[in-house]
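Novice: Got a structure for you, questions after.
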Amino acid sequence: MKHISVGKYLAMVIAFVFYLEPTAKAADFSLENLGDGIYVHHGEHLDIDTGYQGDIANISFVVGSRGVAVIDTGGSLKVGKQLRAAIKEVTSLPILYVINTHVHPDHIFGNAAFLQDKPIFVGHTKLGDIMQLRQEAYSKLNVRYLGADAEGSVIVKPSLAVVAGSKLDLGNRSLLLTSYVAAHTVTDISVIDSKTRTLFTGDLLFIDRTPVIESDIKGLIEAIDGLKISSVNQVVPGHGPCTKNWIAALDNERRYLDVLLTDIRTKIKSGVSMEVTMDTAAASEKDKWLLFKVANRRNVNTLYPLLEWE
């Protein structure tokens with residue numbers, strides 16, 4: 001029999017293990033434990049053009065007696081694997097549901113890490129179609145910004161659509177899901193955990209980081225007003241720290257949106273160009289938010305053409 005060295009044998013074993021299961025470890029993947037089975041990983045406040053690495057959004061999971069629901073999965077397969085590894089360190093219960101709060105890539109591209117668990121993927125009624133429409137564009141963005149980390153970050157569409165009164169049973173707790181017509185996007189949903197009265201807003205709420213509007217600022221203001229009458233104890237926003245002072249957080253976002261909407265309307269009425277408006281609208285808010293300059297300019301670029309037709 002041909003003998004090999006111990007070092008070479010170990011190298012072969014390690015290579016074989018990684019070939020079988022190229023999963024990310026959770027050691028450097030921090031979790032905030034909110035208690036009673038609620039866990040949140042906070043993404044970094046980085047802009048997509050100046051440091052995006054797939055991990056900028058809040059991604060969460062809820063543990064019931066029957067199993068786990070994941071709420072958003074991060075911006076790449078790599079981040080999704082880190083999240084899955086972190087879940088497995090917390091509980092051996094099955095992952096029953098993977099919920100996407102909306103279509104943006106920093107919230108959906110970790111989905112593929114959970115395919116092996118055969119969960120039910122859950123999202124807005126429009127989410128699957130919008131995912132399909134944006135698949136090519138998002139794939140190009142992933143390659144551009146993530147490089148090698150984009151590998152395997154494929155679209156996984158929802159198999160269960162959120163309708164009025166949608167609830168998911170996790171055992172000893174349920175999740176109430178609400179969908180919105182047009183707000184941050186046209187694919188937004190929010191989630192409330194019945195046991196802890198924790199509200200997961202997705203990107204209907206930003207804390208500290210400048211809010212972003214892709215769809216309808218008036219619809220987003222309406223959604224915020226609706227969230228303010230929710231019976232909840234704490235909130236997990238799409239970006240920023242979790243908070244029990246959630247009314248103030250919603251008020252802060254609404255103030256920014258009100259100022260932005262008023263300023264854009266005023267500029268349009270006065271004949272001020274979109275280019276000038278991008279540098280001047282909501283200027284009173286600039287010291288109150290992170291990444292204000294770039295995010296606010298994008299918001300004006302999105303909203304100005306729409307508001308011209310009011």
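Ordering of the structure tokens sets the chain letters (A, B, ...); residue numbers start at 1 within each chain; ligands are numbered from 1 in the order shown.
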Can you tell me, as a PDB file with C-alpha atoms, in the first residue's frame, which residues in segment 186-305 of chain A count as alpha helix (DSSP H) by DSSP?
Specialist:
ATOM      1  CA  ILE A 217     -43.198  59.070  -1.753  1.00  0.00           C
ATOM      2  CA  LYS A 218     -46.869  59.732  -1.024  1.00  0.00           C
ATOM      3  CA  GLY A 219     -47.492  56.002  -0.688  1.00  0.00           C
ATOM      4  CA  LEU A 220     -44.502  55.704   1.649  1.00  0.00           C
ATOM      5  CA  ILE A 221     -45.822  58.536   3.830  1.00  0.00           C
ATOM      6  CA  GLU A 222     -49.179  56.750   3.958  1.00  0.00           C
ATOM      7  CA  ALA A 223     -47.454  53.490   4.921  1.00  0.00           C
ATOM      8  CA  ILE A 224     -45.558  55.243   7.723  1.00  0.00           C
ATOM      9  CA  ASP A 225     -48.777  56.707   9.076  1.00  0.00           C
ATOM     10  CA  GLY A 226     -50.264  53.213   9.042  1.00  0.00           C
ATOM     11  CA  LEU A 227     -47.283  51.713  10.849  1.00  0.00           C
ATOM     12  CA  TRP A 246     -40.196  53.492  17.163  1.00  0.00           C
ATOM     13  CA  ILE A 247     -42.774  56.272  16.949  1.00  0.00           C
ATOM     14  CA  ALA A 248     -39.971  58.842  17.060  1.00  0.00           C
ATOM     15  CA  ALA A 249     -38.088  56.904  14.373  1.00  0.00           C
ATOM     16  CA  LEU A 250     -41.121  56.898  12.082  1.00  0.00           C
ATOM     17  CA  ASP A 251     -41.674  60.593  12.790  1.00  0.00           C
ATOM     18  CA  ASN A 252     -38.061  61.345  11.828  1.00  0.00           C
ATOM     19  CA  GLU A 253     -38.434  59.572   8.519  1.00  0.00           C
ATOM     20  CA  ARG A 254     -41.780  61.233   7.835  1.00  0.00           C
ATOM     21  CA  ARG A 255     -40.262  64.658   8.522  1.00  0.00           C
ATOM     22  CA  TYR A 256     -37.553  64.044   5.942  1.00  0.00           C
ATOM     23  CA  LEU A 257     -40.080  62.830   3.391  1.00  0.00           C
ATOM     24  CA  ASP A 258     -42.373  65.810   4.015  1.00  0.00           C
ATOM     25  CA  VAL A 259     -39.494  68.270   3.576  1.00  0.00           C
ATOM     26  CA  LEU A 260     -38.273  66.492   0.447  1.00  0.00           C
ATOM     27  CA  LEU A 261     -41.740  66.386  -1.113  1.00  0.00           C
ATOM     28  CA  THR A 262     -42.437  70.040  -0.338  1.00  0.00           C
ATOM     29  CA  ASP A 263     -39.057  71.186  -1.649  1.00  0.00           C
ATOM     30  CA  ILE A 264     -39.318  69.266  -4.922  1.00  0.00           C
ATOM     31  CA  ARG A 265     -42.830  70.547  -5.536  1.00  0.00           C
ATOM     32  CA  THR A 266     -41.686  74.118  -4.832  1.00  0.00           C
ATOM     33  CA  LYS A 267     -38.689  73.801  -7.167  1.00  0.00           C
ATOM     34  CA  ILE A 268     -40.868  72.407  -9.954  1.00  0.00           C
ATOM     35  CA  LYS A 269     -43.400  75.194  -9.540  1.00  0.00           C
ATOM     36  CA  MET A 274     -33.883  68.746 -11.599  1.00  0.00           C
ATOM     37  CA  GLU A 275     -30.071  69.069 -11.612  1.00  0.00           C
ATOM     38  CA  VAL A 276     -30.185  72.093  -9.293  1.00  0.00           C
ATOM     39  CA  THR A 277     -32.913  70.504  -7.171  1.00  0.00           C
ATOM     40  CA  MET A 278     -30.746  67.436  -6.622  1.00  0.00           C
ATOM     41  CA  ASP A 279     -28.240  69.630  -4.772  1.00  0.00           C
ATOM     42  CA  THR A 280     -30.708  71.782  -2.846  1.00  0.00           C
ATOM     43  CA  PHE A 292     -27.308  61.999   2.779  1.00  0.00           C
ATOM     44  CA  LYS A 293     -25.690  63.545  -0.269  1.00  0.00           C
ATOM     45  CA  VAL A 294     -25.763  60.497  -2.506  1.00  0.00           C
ATOM     46  CA  ALA A 295     -29.099  59.075  -1.304  1.00  0.00           C
ATOM     47  CA  ASN A 296     -30.932  62.394  -1.376  1.00  0.00           C
ATOM     48  CA  ARG A 297     -29.732  63.098  -4.918  1.00  0.00           C
ATOM     49  CA  ARG A 298     -31.023  59.705  -6.025  1.00  0.00           C
ATOM     50  CA  ASN A 299     -34.366  60.393  -4.380  1.00  0.00           C
ATOM     51  CA  VAL A 300     -34.722  63.679  -6.249  1.00  0.00           C
ATOM     52  CA  ASN A 301     -33.716  61.975  -9.490  1.00  0.00           C
ATOM     53  CA  THR A 302     -36.497  59.423  -8.941  1.00  0.00           C
ATOM     54  CA  LEU A 303     -39.208  61.753  -7.689  1.00  0.00           C
ATOM     55  CA  TYR A 304     -38.780  64.945  -9.712  1.00  0.00           C
ATOM     56  CA  PRO A 305     -40.009  63.486 -13.049  1.00  0.00           C
TER      57      PRO A 305
END
Novice: Find the residues near segment 176-187 of chain A: any atom within 7 Å, counting only C-alpha atoms, skip ones fewer than 2 places away on the same chain, and give them as a PyMOL selection string.
Specialist: chain A and resi 102-103+124+126-127+162+164-168+174+189-193+203-204+212-217+219-220+223
Novice: If I take atom CA of Phe121 of chain A and atom CA of Leu96 of chain A, how far is one from the other in Å, to one decimal?
Specialist: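 So the answer is 8.7 Å.
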Novice: Got a sec to tell me which of segment 36-111 of chain A DSSP assigns to strand (DSSP E), as a count of residues only?
Specialist: 18
Novice: Quick one: everything within 8 Å of segment 62-77 of chain A, counting only C-alpha atoms, minus sequence neighbours fewer than 4 positions away in the same chain. Send it as a ChimeraX atom specification.
Specialist: /A:37-39,53-58,81,83,91,93-101,105-113,149-154,170-173
Novice: To one decimal in Å, tell me the separation between atom CA of Arg209 of chain A and atom CA of Ser284 of chain A.
Specialist: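 Rounded to one decimal, the two atoms are 15.4 Å apart.
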Novice: Write out as a list in words the residues lying within 7 Å of Val235 of chain A, counting only C-alpha atoms and excluding same-chain residues fewer than 2 positions away.
Specialist: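 The residues that qualify are Thr198, Leu199, Phe200, Pro237, Cys242, Thr243, Lys244 and Trp246 of chain A.
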Novice: Find the residue from A:Gln135, A:Ser159, A:Leu146, A:Ala85 that sits nearest to Lys118 of chain A; use only C-alpha atoms when measuring.
Specialist: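 Looking at the shortest contact to Lys118 of chain A, the residue is A:Ser159.
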Novice: Measuring between only C-alpha atoms, which one of A:Asn142, A:Ser30, A:Leu306, A:Arg134 shows the shortest distance to Ile87 of chain A?
Specialist: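 Using only C-alpha atoms, the shortest distance to Ile87 of chain A belongs to A:Ser30.
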Novice: Report, in Å to a single decimal, how far apart atom CA of Ile59 of chain A and atom CA of Ile120 of chain A are.
Specialist: 17.2 Å
